[in-house]
Amino acid sequence: MPPRTSSKSALDFIKKSGAKIVDFKFIDIPGMWQHTSLPADEVDDGTFEHGIGFDGSSIRGFQEIQESDMVLLPDPQSARTDGFCAIPTASFVCDVFDPRTQSLYDRDPRNIAKRAQAYLKKTGIGDTAYFGPELEFYIFDHVSYDNLQYMSGYAVDSEEAHWNSGNNEEPNLGYTLRPKEGYFPVQPSDKHMDIRSEMVLTLKEWGVPVEMHHHEVATGGQTEIDIRYNTLLQQCDNVMVYKYVTRNVARRHGKTVTFMPKPLFGDNGSGMHVHQSIWKAGKNLFYDEKGYAEVSKLALYYIGGLLTHIDALLALCAPTTNSYKRLVPHYEAPVNVAFSMGNRSAAVRIPIFFKGPRFSKSKRIEFRPPDPTANPYLAFSAMLMAGLDGIKRKIDPTKAGFGPLDKNIYELPKSEARRIKSVPGSLDATLDALERDHDFMLQGGVFSEELIKTWIEYKRVKEVQEVRIRPTPYEFYLYYDL
């Protein structure tokens, strides 16, 4: 059994909070929180020292039925009050423990993030990796979908969507948002100001610092709430809190949230641009006043690693078949394998809002292809491993043909554009790439061959194949009368 942080503070928290139920959350391999709950008077030192047993064969990507006994080990430092429960409830995030090996479970995504942090320190390159994801999502008023043998289809609706401008129901006040014109409008066109503000304040109650929030580009309720950068493991936990909070606040208001990358045809999709930097002894190693866009050579090597391994990374960072309906040109989608400063048409952007030594701590790079369906523990860890591989191998992106490209890549002449590589066009292609290129993830035992094999098999069997074999409504539109 690995050493655990003292449970005293956690037990004190449960008592002081007045909780009657204690909830224990953990993440499955695809990236969804799962949970189990105990009466508060059943929680004691042993709960934190020995854990809580559960059936690992019923969790996606975990165990087979003949090896199903697993254990949850609550992290005492993750204590929060869950205000979405009518009964006073305390909440903890858990690690998964394997009683067979008497160690943290090899496939537990949270454990992989811990190993990635430890590996960074072991390399001596740095001691801390900071991540700052920008999650985008849609707030809808209605969603329905069905997928039967003889019928399939979906419908979404939003009170602010442009398609409701001609609604004859009264009153129709006319304040709707045209496609691609949803960035920063004020009320009454922006109808979600108060809901977003409630989400922000609830996130802060859960200990997740928020920097800003706003309406995003698309019609139909696209939204962004930016959380402050944090260490890799803590930020992964924060992303899961973010999803939990936004969904449940929306539910309070009779609305629903989706993190699908492309729920609307013909408008911008939802991404998860991930800002990253490496620090050592309190110093940001990505800053160099004399470097291109004030980034250091080490930062350029990190970029080189990301772009060299981008095809494989996207199997974890843009991990759904729907992801590749977002990753198409001209919807602000970063499909071009290049880097640049302040340029949102490149896969890697170097922000340049502020310059000079006084802003050295804010210098970072932004990897733009990921989307919020990613399991953050796997995606952030994989990005770090790719960046570290670039640093160790000194992959200079300027010599590898990745730029910098300080121009609108979407509008380049065809003769120039064809020289720029694009990201893969399907989840299937990225899974093939991950199968070929994952040695960089295995370094330091961060990822395992078994985990990568499990991921590829799960995605191919449960998602790629199932989507491929089903007719779609648009195929009826194209082919029914042929």
# chains A, B, ... in the order shown; residues from 1 in each chain; ligands from 1
$ residues_around --residues "segment 151-161 of chain A" --least-positions-apart "6" --cutoff "12 Å" --atoms "only C-alpha atoms" --output "PyMOL selection string"
chain A and resi 138-145+167+169+171-182+185+187-192+215+217-222+254-258+263-265+267+470-476
$ residues_around --residues "His213 of chain A" --least-positions-apart "2" --cutoff "10 Å" --atoms "only C-alpha atoms" --output "list in words"
Phe184, Met193, Arg196, Ser197, Met199, Val200, Val210, Glu211, His215, Glu216, Thr223, Glu224, Ile225, Asp226 and Ile227 of chain A
$ write_last_selection --atoms "N, CA, C and O atoms" --output "CSV table (one decimal), in the first residue's frame"
chain,number,residue,atom,x,y,z
A,184,PHE,N,-18.2,37.7,-27.8
A,184,PHE,CA,-18.3,38.9,-27.0
A,184,PHE,C,-19.5,39.8,-27.1
A,184,PHE,O,-19.5,41.0,-26.8
A,193,MET,N,-25.3,35.2,-19.6
A,193,MET,CA,-24.4,35.9,-18.7
A,193,MET,C,-24.5,35.5,-17.3
A,193,MET,O,-23.6,35.1,-16.6
A,196,ARG,N,-23.4,31.8,-16.7
A,196,ARG,CA,-22.0,31.6,-16.7
A,196,ARG,C,-21.4,32.2,-15.4
A,196,ARG,O,-20.5,31.6,-14.8
A,197,SER,N,-21.9,33.3,-15.0
A,197,SER,CA,-21.4,33.9,-13.7
A,197,SER,C,-21.7,33.0,-12.5
A,197,SER,O,-20.8,32.8,-11.6
A,199,MET,N,-21.8,29.7,-12.8
A,199,MET,CA,-20.8,28.7,-13.0
A,199,MET,C,-19.5,29.1,-12.4
A,199,MET,O,-18.8,28.3,-11.7
A,200,VAL,N,-19.1,30.3,-12.7
A,200,VAL,CA,-17.8,30.8,-12.2
A,200,VAL,C,-17.7,30.9,-10.7
A,200,VAL,O,-16.8,30.4,-10.1
A,210,VAL,N,-10.9,31.1,-11.4
A,210,VAL,CA,-11.3,31.5,-12.8
A,210,VAL,C,-10.8,32.8,-13.1
A,210,VAL,O,-10.8,33.8,-12.3
A,211,GLU,N,-10.3,33.0,-14.4
A,211,GLU,CA,-9.8,34.3,-14.8
A,211,GLU,C,-10.8,35.1,-15.6
A,211,GLU,O,-10.8,36.3,-15.5
A,215,HIS,N,-19.1,34.7,-24.0
A,215,HIS,CA,-19.8,34.0,-25.0
A,215,HIS,C,-18.7,33.7,-26.1
A,215,HIS,O,-17.8,34.5,-26.3
A,216,GLU,N,-18.8,32.5,-26.7
A,216,GLU,CA,-17.8,32.2,-27.8
A,216,GLU,C,-18.4,32.5,-29.2
A,216,GLU,O,-19.6,32.9,-29.3
A,223,THR,N,-19.9,28.8,-25.3
A,223,THR,CA,-19.4,29.5,-24.1
A,223,THR,C,-18.0,29.1,-23.8
A,223,THR,O,-17.5,28.0,-24.1
A,224,GLU,N,-17.3,30.0,-23.1
A,224,GLU,CA,-15.9,29.7,-22.6
A,224,GLU,C,-15.7,30.3,-21.2
A,224,GLU,O,-16.1,31.4,-21.0
A,225,ILE,N,-15.2,29.4,-20.3
A,225,ILE,CA,-14.8,29.9,-19.0
A,225,ILE,C,-13.4,29.5,-18.8
A,225,ILE,O,-13.0,28.3,-18.9
A,226,ASP,N,-12.5,30.5,-18.6
A,226,ASP,CA,-11.1,30.2,-18.5
A,226,ASP,C,-10.6,30.1,-17.0
A,226,ASP,O,-10.8,31.0,-16.2
A,227,ILE,N,-10.1,28.9,-16.7
A,227,ILE,CA,-9.5,28.7,-15.4
A,227,ILE,C,-8.1,28.9,-15.3
A,227,ILE,O,-7.4,28.8,-16.3
$ closest_atom_pairs --of "segment 217-282 of chain A" --to "segment 289-308 of chain A" --cutoff "10 Å" --atoms "only C-alpha atoms" --output "CSV"
residue,atom,partner,partner_atom,distance
A:Gln276,CA,A:Ala299,CA,9.6
A:Ser277,CA,A:Ala299,CA,7.8
A:Ile278,CA,A:Ala299,CA,8.4
$ closest_residue --among "A:Ala129, A:Ala250, A:Ala346, A:Leu233" --to "Ile195 of chain A" --atoms "only C-alpha atoms"
A:Ala250
$ atom_distance --atom1 "atom CA of Ile352 of chain A" --atom2 "atom CA of Leu327 of chain A"
24.2 Å
$ residues_around --residues "Gly425 of chain A" --least-positions-apart "3" --cutoff "8 Å" --atoms "only C-alpha atoms" --output "list in words"
Tyr324, Leu327, Val328 and Ala429 of chain A
$ closest_residue --among "A:Ile52, A:Leu11, A:Ile125, A:Ala382" --to "Arg80 of chain A" --atoms "only C-alpha atoms"
A:Leu11
$ select_by_dssp --residues "segment 28-163 of chain A" --states "strand (DSSP E)" --output "VMD selection string"
chain A and resid 33 to 39 52 to 55 69 to 74 80 to 81 89 to 98 103 to 104 128 to 140 142 to 147 152 to 157
$ residues_around --residues "segment 107-121 of chain A" --least-positions-apart "6" --cutoff "9 Å" --atoms "only C-alpha atoms" --output "PDB file with N, CA and C atoms, in the first residue's frame"
ATOM      1  N   PHE A  26     -13.974   9.012  -9.073  1.00  0.00           N
ATOM      2  CA  PHE A  26     -12.759   8.600  -9.780  1.00  0.00           C
ATOM      3  C   PHE A  26     -13.061   8.602 -11.264  1.00  0.00           C
ATOM      4  N   ILE A  27     -12.029   8.506 -12.083  1.00  0.00           N
ATOM      5  CA  ILE A  27     -12.217   8.661 -13.528  1.00  0.00           C
ATOM      6  C   ILE A  27     -11.994   7.342 -14.246  1.00  0.00           C
ATOM      7  N   ASP A  28     -12.840   7.079 -15.252  1.00  0.00           N
ATOM      8  CA  ASP A  28     -12.626   5.895 -16.088  1.00  0.00           C
ATOM      9  C   ASP A  28     -11.679   6.261 -17.228  1.00  0.00           C
ATOM     10  N   ILE A  29     -11.353   5.298 -18.057  1.00  0.00           N
ATOM     11  CA  ILE A  29     -10.363   5.544 -19.102  1.00  0.00           C
ATOM     12  C   ILE A  29     -10.870   6.503 -20.178  1.00  0.00           C
ATOM     13  N   GLY A  31     -12.755   8.995 -19.790  1.00  0.00           N
ATOM     14  CA  GLY A  31     -12.662  10.353 -19.249  1.00  0.00           C
ATOM     15  C   GLY A  31     -13.878  10.856 -18.516  1.00  0.00           C
ATOM     16  N   GLY A  61     -12.786   0.230 -19.679  1.00  0.00           N
ATOM     17  CA  GLY A  61     -11.349   0.202 -19.859  1.00  0.00           C
ATOM     18  C   GLY A  61     -10.573  -0.398 -18.708  1.00  0.00           C
ATOM     19  N   PHE A  62     -11.270  -0.811 -17.630  1.00  0.00           N
ATOM     20  CA  PHE A  62     -10.558  -1.362 -16.482  1.00  0.00           C
ATOM     21  C   PHE A  62     -10.404  -2.886 -16.611  1.00  0.00           C
ATOM     22  N   CYS A  94     -10.512  10.198  -5.950  1.00  0.00           N
ATOM     23  CA  CYS A  94      -9.811   8.978  -5.545  1.00  0.00           C
ATOM     24  C   CYS A  94      -8.790   8.527  -6.587  1.00  0.00           C
ATOM     25  N   ASP A  95      -7.757   7.839  -6.090  1.00  0.00           N
ATOM     26  CA  ASP A  95      -6.873   7.039  -6.927  1.00  0.00           C
ATOM     27  C   ASP A  95      -7.401   5.611  -6.921  1.00  0.00           C
ATOM     28  N   VAL A  96      -7.002   4.839  -7.930  1.00  0.00           N
ATOM     29  CA  VAL A  96      -7.419   3.440  -8.008  1.00  0.00           C
ATOM     30  C   VAL A  96      -6.230   2.560  -7.647  1.00  0.00           C
ATOM     31  N   PHE A  97      -6.486   1.602  -6.742  1.00  0.00           N
ATOM     32  CA  PHE A  97      -5.451   0.717  -6.215  1.00  0.00           C
ATOM     33  C   PHE A  97      -5.737  -0.705  -6.680  1.00  0.00           C
ATOM     34  N   ASP A 127      11.057  21.084 -12.742  1.00  0.00           N
ATOM     35  CA  ASP A 127      10.425  20.453 -11.593  1.00  0.00           C
ATOM     36  C   ASP A 127       8.905  20.614 -11.586  1.00  0.00           C
ATOM     37  N   THR A 128       8.382  21.492 -12.453  1.00  0.00           N
ATOM     38  CA  THR A 128       6.940  21.730 -12.473  1.00  0.00           C
ATOM     39  C   THR A 128       6.478  22.008 -13.902  1.00  0.00           C
ATOM     40  N   ALA A 129       5.384  21.366 -14.286  1.00  0.00           N
ATOM     41  CA  ALA A 129       4.740  21.663 -15.563  1.00  0.00           C
ATOM     42  C   ALA A 129       3.403  22.319 -15.270  1.00  0.00           C
ATOM     43  N   THR A 231      -0.662  23.151 -11.730  1.00  0.00           N
ATOM     44  CA  THR A 231       0.196  21.997 -11.992  1.00  0.00           C
ATOM     45  C   THR A 231      -0.603  20.911 -12.692  1.00  0.00           C
ATOM     46  N   LEU A 232       0.095  19.993 -13.349  1.00  0.00           N
ATOM     47  CA  LEU A 232      -0.548  19.017 -14.211  1.00  0.00           C
ATOM     48  C   LEU A 232      -1.652  18.253 -13.488  1.00  0.00           C
ATOM     49  N   LEU A 233      -1.337  17.587 -12.383  1.00  0.00           N
ATOM     50  CA  LEU A 233      -2.329  16.768 -11.693  1.00  0.00           C
ATOM     51  C   LEU A 233      -3.486  17.612 -11.168  1.00  0.00           C
ATOM     52  N   CYS A 236      -5.765  18.643 -13.971  1.00  0.00           N
ATOM     53  CA  CYS A 236      -6.624  17.542 -14.430  1.00  0.00           C
ATOM     54  C   CYS A 236      -7.836  17.411 -13.520  1.00  0.00           C
ATOM     55  N   ASP A 237      -7.605  17.445 -12.208  1.00  0.00           N
ATOM     56  CA  ASP A 237      -8.726  17.412 -11.259  1.00  0.00           C
ATOM     57  C   ASP A 237      -9.663  18.596 -11.495  1.00  0.00           C
ATOM     58  N   ASN A 375      -9.772  12.924 -22.119  1.00  0.00           N
ATOM     59  CA  ASN A 375      -9.488  12.624 -20.723  1.00  0.00           C
ATOM     60  C   ASN A 375      -8.276  13.473 -20.334  1.00  0.00           C
ATOM     61  N   PRO A 376      -8.426  14.467 -19.459  1.00  0.00           N
ATOM     62  CA  PRO A 376      -7.316  15.399 -19.222  1.00  0.00           C
ATOM     63  C   PRO A 376      -6.062  14.726 -18.660  1.00  0.00           C
ATOM     64  N   TYR A 377      -6.235  13.706 -17.838  1.00  0.00           N
ATOM     65  CA  TYR A 377      -5.082  13.028 -17.242  1.00  0.00           C
ATOM     66  C   TYR A 377      -4.219  12.376 -18.323  1.00  0.00           C
ATOM     67  N   LEU A 378      -4.860  11.795 -19.321  1.00  0.00           N
ATOM     68  CA  LEU A 378      -4.116  11.165 -20.406  1.00  0.00           C
ATOM     69  C   LEU A 378      -3.597  12.206 -21.393  1.00  0.00           C
ATOM     70  N   PHE A 380      -3.037  15.608 -21.078  1.00  0.00           N
ATOM     71  CA  PHE A 380      -1.988  16.502 -20.570  1.00  0.00           C
ATOM     72  C   PHE A 380      -0.681  15.744 -20.381  1.00  0.00           C
ATOM     73  N   SER A 381      -0.775  14.511 -19.886  1.00  0.00           N
ATOM     74  CA  SER A 381       0.435  13.709 -19.686  1.00  0.00           C
ATOM     75  C   SER A 381       1.117  13.415 -21.014  1.00  0.00           C
ATOM     76  N   ALA A 382       0.315  13.080 -22.037  1.00  0.00           N
ATOM     77  CA  ALA A 382       0.884  12.787 -23.350  1.00  0.00           C
ATOM     78  C   ALA A 382       1.543  14.022 -23.962  1.00  0.00           C
ATOM     79  N   LEU A 384       2.886  16.535 -22.315  1.00  0.00           N
ATOM     80  CA  LEU A 384       4.141  16.753 -21.587  1.00  0.00           C
ATOM     81  C   LEU A 384       5.223  15.800 -22.087  1.00  0.00           C
ATOM     82  N   MET A 385       4.860  14.529 -22.284  1.00  0.00           N
ATOM     83  CA  MET A 385       5.844  13.547 -22.732  1.00  0.00           C
ATOM     84  C   MET A 385       6.363  13.877 -24.128  1.00  0.00           C
ATOM     85  N   LEU A 388       8.731  16.902 -23.739  1.00  0.00           N
ATOM     86  CA  LEU A 388      10.004  16.494 -23.140  1.00  0.00           C
ATOM     87  C   LEU A 388      10.855  15.722 -24.145  1.00  0.00           C
ATOM     88  N   GLN A 443       8.456   6.391 -21.859  1.00  0.00           N
ATOM     89  CA  GLN A 443       9.649   6.776 -21.113  1.00  0.00           C
ATOM     90  C   GLN A 443       9.320   6.958 -19.629  1.00  0.00           C
ATOM     91  N   GLY A 444      10.187   6.448 -18.775  1.00  0.00           N
ATOM     92  CA  GLY A 444       9.987   6.577 -17.337  1.00  0.00           C
ATOM     93  C   GLY A 444       8.806   5.787 -16.806  1.00  0.00           C
ATOM     94  N   GLY A 445       8.245   4.888 -17.640  1.00  0.00           N
ATOM     95  CA  GLY A 445       7.107   4.104 -17.198  1.00  0.00           C
ATOM     96  C   GLY A 445       5.841   4.918 -17.003  1.00  0.00           C
ATOM     97  N   VAL A 446       5.743   6.088 -17.674  1.00  0.00           N
ATOM     98  CA  VAL A 446       4.578   6.957 -17.489  1.00  0.00           C
ATOM     99  C   VAL A 446       3.334   6.292 -18.075  1.00  0.00           C
ATOM    100  N   PHE A 447       3.355   6.007 -19.355  1.00  0.00           N
ATOM    101  CA  PHE A 447       2.318   5.190 -19.972  1.00  0.00           C
ATOM    102  C   PHE A 447       2.842   3.762 -20.083  1.00  0.00           C
ATOM    103  N   SER A 448       1.943   2.829 -20.276  1.00  0.00           N
ATOM    104  CA  SER A 448       2.335   1.438 -20.478  1.00  0.00           C
ATOM    105  C   SER A 448       1.817   0.952 -21.814  1.00  0.00           C
ATOM    106  N   GLU A 450       0.253  -1.715 -22.242  1.00  0.00           N
ATOM    107  CA  GLU A 450      -1.079  -2.258 -21.993  1.00  0.00           C
ATOM    108  C   GLU A 450      -2.142  -1.163 -22.049  1.00  0.00           C
ATOM    109  N   LEU A 451      -1.836  -0.012 -21.434  1.00  0.00           N
ATOM    110  CA  LEU A 451      -2.803   1.091 -21.444  1.00  0.00           C
ATOM    111  C   LEU A 451      -3.040   1.589 -22.871  1.00  0.00           C
ATOM    112  N   THR A 454      -5.063  -0.922 -24.754  1.00  0.00           N
ATOM    113  CA  THR A 454      -6.452  -0.878 -24.291  1.00  0.00           C
ATOM    114  C   THR A 454      -7.188   0.299 -24.902  1.00  0.00           C
TER     115      THR A 454
END
$ closest_residue --among "A:Phe259, A:Phe339, A:Phe359, A:Tyr331" --to "Asp288 of chain A" --atoms "only C-alpha atoms"
A:Phe359
$ atom_distance --atom1 "atom CA of Val423 of chain A" --atom2 "atom CA of Val335 of chain A"
5.3 Å
$ atom_distance --atom1 "atom CA of Arg252 of chain A" --atom2 "atom CA of Met240 of chain A"
18.7 Å
$ closest_residue --among "A:Phe48, A:Trp33, A:Phe367, A:Tyr150" --to "Tyr244 of chain A" --atoms "only C-alpha atoms"
A:Trp33
